[in-house]
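These notes concern the structure reproduced below.
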Amino acid sequence: MLTMTRGWLTGALSLRLAVGMAVIACPVGALAQTTTHTNAAAITIPAFGTATPYPSVINVAGATANISYMTVRLNGFAHTFPTDVQVLLVSPTGQKTMLLSGVGGGVDVAGINLVFNQDAATQPTTGVQLLPGTYRPRNFVGVNLPGPAPVGPYTADLTVFNGLNANGTWTLYVNDRAIGDSGAIATGWSMTFNDTVREPGPIGTAITYQGQLTGAPPNSTAFLRFSLWDTESSTNTDNRVSGEVTRTVTLVDSVFTTDVDFGVSVQRQKALYI
Ligand SMILES: [Ca+2]
């Protein structure tokens, strides 16, 4: 009787080993996550000059995937001449985009929520009232913000952050560039990082399997059949989630190494056993 050191053989040479889980059990879309980070403290915009605080800061930690898409919210935006206002977002590693600058004309707004993402259908309008809504960023007046904000030129494009790791200190610089009229972002701002658009397809189940087969001549060949199962020990074929992959392996001092690939169709969001 041939025996496996890390499992057992049943029948002729059909085997089941509770190994390789770390490789096989990776769930589909394991990298997908959506996280929102908020600084709800008020940002006060003076009649002229830099807001308080300048910048407003959000520290991000724990991000395990790189940014594929992001949304920024300004909550409770108010101003009596919105076109005065510049809002610049800077990443921990210095990438930057203007969110708005020179938009909304001179029409008072009070307590509106502005959402920015790159898929929005419209940009804020320059000369008419700024309405609550979702917009692509717009930099209509491209003058430099006062330091310590980085100098321009400034893009108006949230995709500049794609591919970055979000961890670190994000800064939001708000400036009023014209004398008279003031405002606030009364309940602060937030960023949402969304990875669903980069969710991978099913992960393959190709592995390199190394085992030890005893009971056979230690330096010989053996014919093995591999299958994937969704339980560790059931012999019910309902628990078998792949077809068989057969391999003739070469034993060297009873140890063999072989590549086994069950394809992607068997991928489950749970542990599998070989
Ligand atoms: Ca002003």
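Chain labels A, B, ... are given in the sequence in which chains occur in the structure tokens; within each chain residues are numbered consecutively from 1, and ligands are likewise numbered from 1 in the order shown.
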Report as a tab-separated table: every residue of chain A with an atom at most 6 Å from ligand 1, its closest pair of atoms, and their distance in Å to one decimal, counting only C-alpha atoms and all ligand atoms, with rows sorted by chain and ascending residue number.
```
residue	atom	partner	partner_atom_place_in_ligand_line	distance
A:Ala47	CA	ligand 1	1 (Ca)	4.1
A:Phe48	CA	ligand 1	1 (Ca)	4.7
A:Asp84	CA	ligand 1	1 (Ca)	5.2
A:Asp176	CA	ligand 1	1 (Ca)	5.1
A:Ala178	CA	ligand 1	1 (Ca)	4.3
A:Ile179	CA	ligand 1	1 (Ca)	4.6
A:Gly180	CA	ligand 1	1 (Ca)	4.3
A:Asp181	CA	ligand 1	1 (Ca)	4.2
A:Ser182	CA	ligand 1	1 (Ca)	5.2
```
Can you list, as an MDAnalysis selection string, every residue of segment 24-251 of chain A that DSSP puts in helix (DSSP H, G or I)? chainID A and resid 24 82:84 158:161 196:198 237:239
Which residues of segment 144-238 of chain A come within 9 Å of segment 244-253 of chain A, and for each one, what is the closest pair of atoms and their distance in Å to one decimal, counting only C-alpha atoms, sorted by chain and residue number, as a Markdown table?
```
| residue | atom | partner | partner_atom | distance |
| --- | --- | --- | --- | --- |
| A:Gln212 | CA | A:Leu251 | CA | 8.1 |
| A:Leu213 | CA | A:Leu251 | CA | 7.7 |
| A:Ala216 | CA | A:Leu251 | CA | 8.9 |
| A:Pro217 | CA | A:Leu251 | CA | 8.1 |
| A:Pro218 | CA | A:Asp253 | CA | 4.6 |
| A:Asn219 | CA | A:Val252 | CA | 4.9 |
| A:Ser220 | CA | A:Leu251 | CA | 5.2 |
| A:Thr221 | CA | A:Thr250 | CA | 4.4 |
| A:Ala222 | CA | A:Val249 | CA | 5.4 |
| A:Phe223 | CA | A:Thr248 | CA | 4.4 |
| A:Leu224 | CA | A:Arg247 | CA | 5.3 |
| A:Arg225 | CA | A:Thr246 | CA | 4.4 |
| A:Phe226 | CA | A:Val245 | CA | 5.0 |
| A:Ser227 | CA | A:Glu244 | CA | 4.9 |
| A:Leu228 | CA | A:Glu244 | CA | 8.1 |
```
Quick one: everything within 8 Å of Gly133 of chain A, counting only C-alpha atoms, minus sequence neighbours fewer than 5 positions away in the same chain. Send it as a PyMOL selection string. chain A and resi 113-115
Those same residues - N, CA and C atoms - I'd like them written as a JSON list (two decimals), in the first residue's frame.
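Okay, out27.json is ready:
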```
[["chain", "number", "residue", "atom", "x", "y", "z"],
["A", 113, "ASN", "N", -23.51, 70.24, -0.24],
["A", 113, "ASN", "CA", -22.52, 69.16, -0.31],
["A", 113, "ASN", "C", -22.06, 69.01, -1.76],
["A", 114, "LEU", "N", -20.77, 69.03, -1.94],
["A", 114, "LEU", "CA", -20.18, 68.89, -3.27],
["A", 114, "LEU", "C", -19.38, 67.60, -3.31],
["A", 115, "VAL", "N", -19.66, 66.79, -4.31],
["A", 115, "VAL", "CA", -18.99, 65.50, -4.47],
["A", 115, "VAL", "C", -18.18, 65.54, -5.76]]
```
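The closest residue to Gly211 of chain A, picked from A:Thr237, A:Asn139, A:Thr258, A:Thr134 and counting only C-alpha atoms, is A:Thr258.
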Sel. of strand (DSSP E) residues, segment 38-234 of chain A, as a VMD selection string: chain A and resid 38 to 39 43 to 45 49 to 50 56 to 60 70 to 79 85 to 90 96 to 101 109 to 116 133 to 135 138 to 139 168 to 176 183 to 185 189 to 194 207 to 214 221 to 226
Go ahead and dump the residues you just picked, C-alpha atoms, as an mmCIF file, in the first residue's frame.
```
data_model
loop_
_atom_site.group_PDB
_atom_site.id
_atom_site.type_symbol
_atom_site.label_atom_id
_atom_site.label_comp_id
_atom_site.auth_asym_id
_atom_site.auth_seq_id
_atom_site.Cartn_x
_atom_site.Cartn_y
_atom_site.Cartn_z
ATOM 1 C CA THR A 38 -13.281 61.848 7.050
ATOM 2 C CA ASN A 39 -12.170 65.015 8.739
ATOM 3 C CA ILE A 43 -12.750 74.726 7.471
ATOM 4 C CA THR A 44 -13.224 78.478 7.815
ATOM 5 C CA ILE A 45 -12.701 80.530 4.681
ATOM 6 C CA GLY A 49 -6.366 84.403 2.059
ATOM 7 C CA THR A 50 -5.836 80.963 3.400
ATOM 8 C CA SER A 56 -6.947 70.465 6.590
ATOM 9 C CA VAL A 57 -5.521 66.987 7.041
ATOM 10 C CA ILE A 58 -6.717 63.402 6.788
ATOM 11 C CA ASN A 59 -4.327 60.674 7.855
ATOM 12 C CA VAL A 60 -5.006 57.391 6.092
ATOM 13 C CA MET A 70 -11.657 57.854 -5.517
ATOM 14 C CA THR A 71 -14.392 60.244 -4.523
ATOM 15 C CA VAL A 72 -13.961 63.424 -2.505
ATOM 16 C CA ARG A 73 -16.729 65.207 -0.638
ATOM 17 C CA LEU A 74 -16.853 68.772 0.631
ATOM 18 C CA ASN A 75 -19.571 68.888 3.243
ATOM 19 C CA GLY A 76 -21.509 71.990 4.108
ATOM 20 C CA PHE A 77 -19.845 74.308 1.638
ATOM 21 C CA ALA A 78 -20.936 77.901 2.032
ATOM 22 C CA HIS A 79 -19.671 81.110 0.482
ATOM 23 C CA VAL A 85 -12.511 79.839 -3.640
ATOM 24 C CA GLN A 86 -9.763 77.416 -4.579
ATOM 25 C CA VAL A 87 -9.688 73.899 -3.156
ATOM 26 C CA LEU A 88 -6.579 71.823 -3.804
ATOM 27 C CA LEU A 89 -6.129 68.183 -2.741
ATOM 28 C CA VAL A 90 -2.607 66.805 -2.307
ATOM 29 C CA LYS A 96 -2.294 67.014 -6.576
ATOM 30 C CA THR A 97 -5.521 68.093 -8.170
ATOM 31 C CA MET A 98 -7.642 71.155 -7.880
ATOM 32 C CA LEU A 99 -11.202 70.239 -6.946
ATOM 33 C CA LEU A 100 -12.693 73.600 -7.703
ATOM 34 C CA SER A 101 -11.368 77.027 -8.542
ATOM 35 C CA VAL A 109 -24.510 79.194 -1.404
ATOM 36 C CA ALA A 110 -25.046 77.855 2.083
ATOM 37 C CA GLY A 111 -24.472 74.391 3.400
ATOM 38 C CA ILE A 112 -24.292 72.469 0.147
ATOM 39 C CA ASN A 113 -22.516 69.165 -0.314
ATOM 40 C CA LEU A 114 -20.181 68.893 -3.268
ATOM 41 C CA VAL A 115 -18.993 65.497 -4.468
ATOM 42 C CA PHE A 116 -16.110 65.034 -6.861
ATOM 43 C CA GLY A 133 -24.194 67.587 -6.749
ATOM 44 C CA THR A 134 -21.493 65.351 -8.122
ATOM 45 C CA TYR A 135 -18.919 66.889 -10.402
ATOM 46 C CA ARG A 138 -12.600 72.013 -12.388
ATOM 47 C CA ASN A 139 -9.733 74.463 -12.269
ATOM 48 C CA GLY A 168 -0.226 58.732 4.677
ATOM 49 C CA THR A 169 -1.173 62.347 5.155
ATOM 50 C CA TRP A 170 -3.597 63.890 2.687
ATOM 51 C CA THR A 171 -3.907 67.643 2.698
ATOM 52 C CA LEU A 172 -6.706 69.909 1.527
ATOM 53 C CA TYR A 173 -5.696 73.484 0.869
ATOM 54 C CA VAL A 174 -8.559 75.977 0.735
ATOM 55 C CA ASN A 175 -7.855 79.552 -0.278
ATOM 56 C CA ASP A 176 -9.894 82.676 -0.964
ATOM 57 C CA GLY A 183 -17.433 81.171 3.742
ATOM 58 C CA ALA A 184 -16.750 77.771 5.173
ATOM 59 C CA ILE A 185 -16.742 74.063 4.574
ATOM 60 C CA TRP A 189 -14.430 66.692 3.945
ATOM 61 C CA SER A 190 -13.974 63.042 3.188
ATOM 62 C CA MET A 191 -12.297 60.742 0.719
ATOM 63 C CA THR A 192 -13.604 57.388 -0.415
ATOM 64 C CA PHE A 193 -11.222 54.930 -1.994
ATOM 65 C CA ASN A 194 -12.952 52.316 -4.050
ATOM 66 C CA ILE A 207 0.017 25.419 -7.875
ATOM 67 C CA THR A 208 3.306 23.692 -7.525
ATOM 68 C CA TYR A 209 2.781 20.701 -5.339
ATOM 69 C CA GLN A 210 5.533 18.914 -3.488
ATOM 70 C CA GLY A 211 4.811 15.698 -1.648
ATOM 71 C CA GLN A 212 6.426 12.608 -0.283
ATOM 72 C CA LEU A 213 5.221 9.216 -1.350
ATOM 73 C CA THR A 214 6.269 6.260 0.729
ATOM 74 C CA THR A 221 7.883 7.130 -11.066
ATOM 75 C CA ALA A 222 4.282 7.170 -9.914
ATOM 76 C CA PHE A 223 1.003 7.950 -11.609
ATOM 77 C CA LEU A 224 -1.125 10.326 -9.505
ATOM 78 C CA ARG A 225 -4.595 11.777 -9.896
ATOM 79 C CA PHE A 226 -5.361 15.173 -8.359
#
```
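Atom CA of Asp108 of chain A to atom CA of Gly147 of chain A spans 27.5 Å [interatomic distance, one decimal].
From atom CA of Gly163 of chain A back to atom CA of Thr93 of chain A, the distance works out to 11.9 Å.
Residues lying within 8 Å of Gly152 of chain A, counting only C-alpha atoms and ignoring same-chain neighbours fewer than 3 positions away, are Gly142, Val143, Asn144 and Leu145 of chain A.
Each of A:Val103, A:Gln123, A:Arg136, A:Gln95 was checked against Val151 of chain A using only C-alpha atoms; the smallest atom-to-atom distance is that of A:Gln95.
Note that the spacing between atom CA of Pro92 of chain A and atom CA of Ala156 of chain A amounts to 17.4 Å.
Of the residues under consideration (A:Ser234, A:Thr83, A:Thr257, A:Asn66), A:Asn66 shows the shortest atom-to-atom contact distance to Asn167 of chain A when counting only C-alpha atoms.
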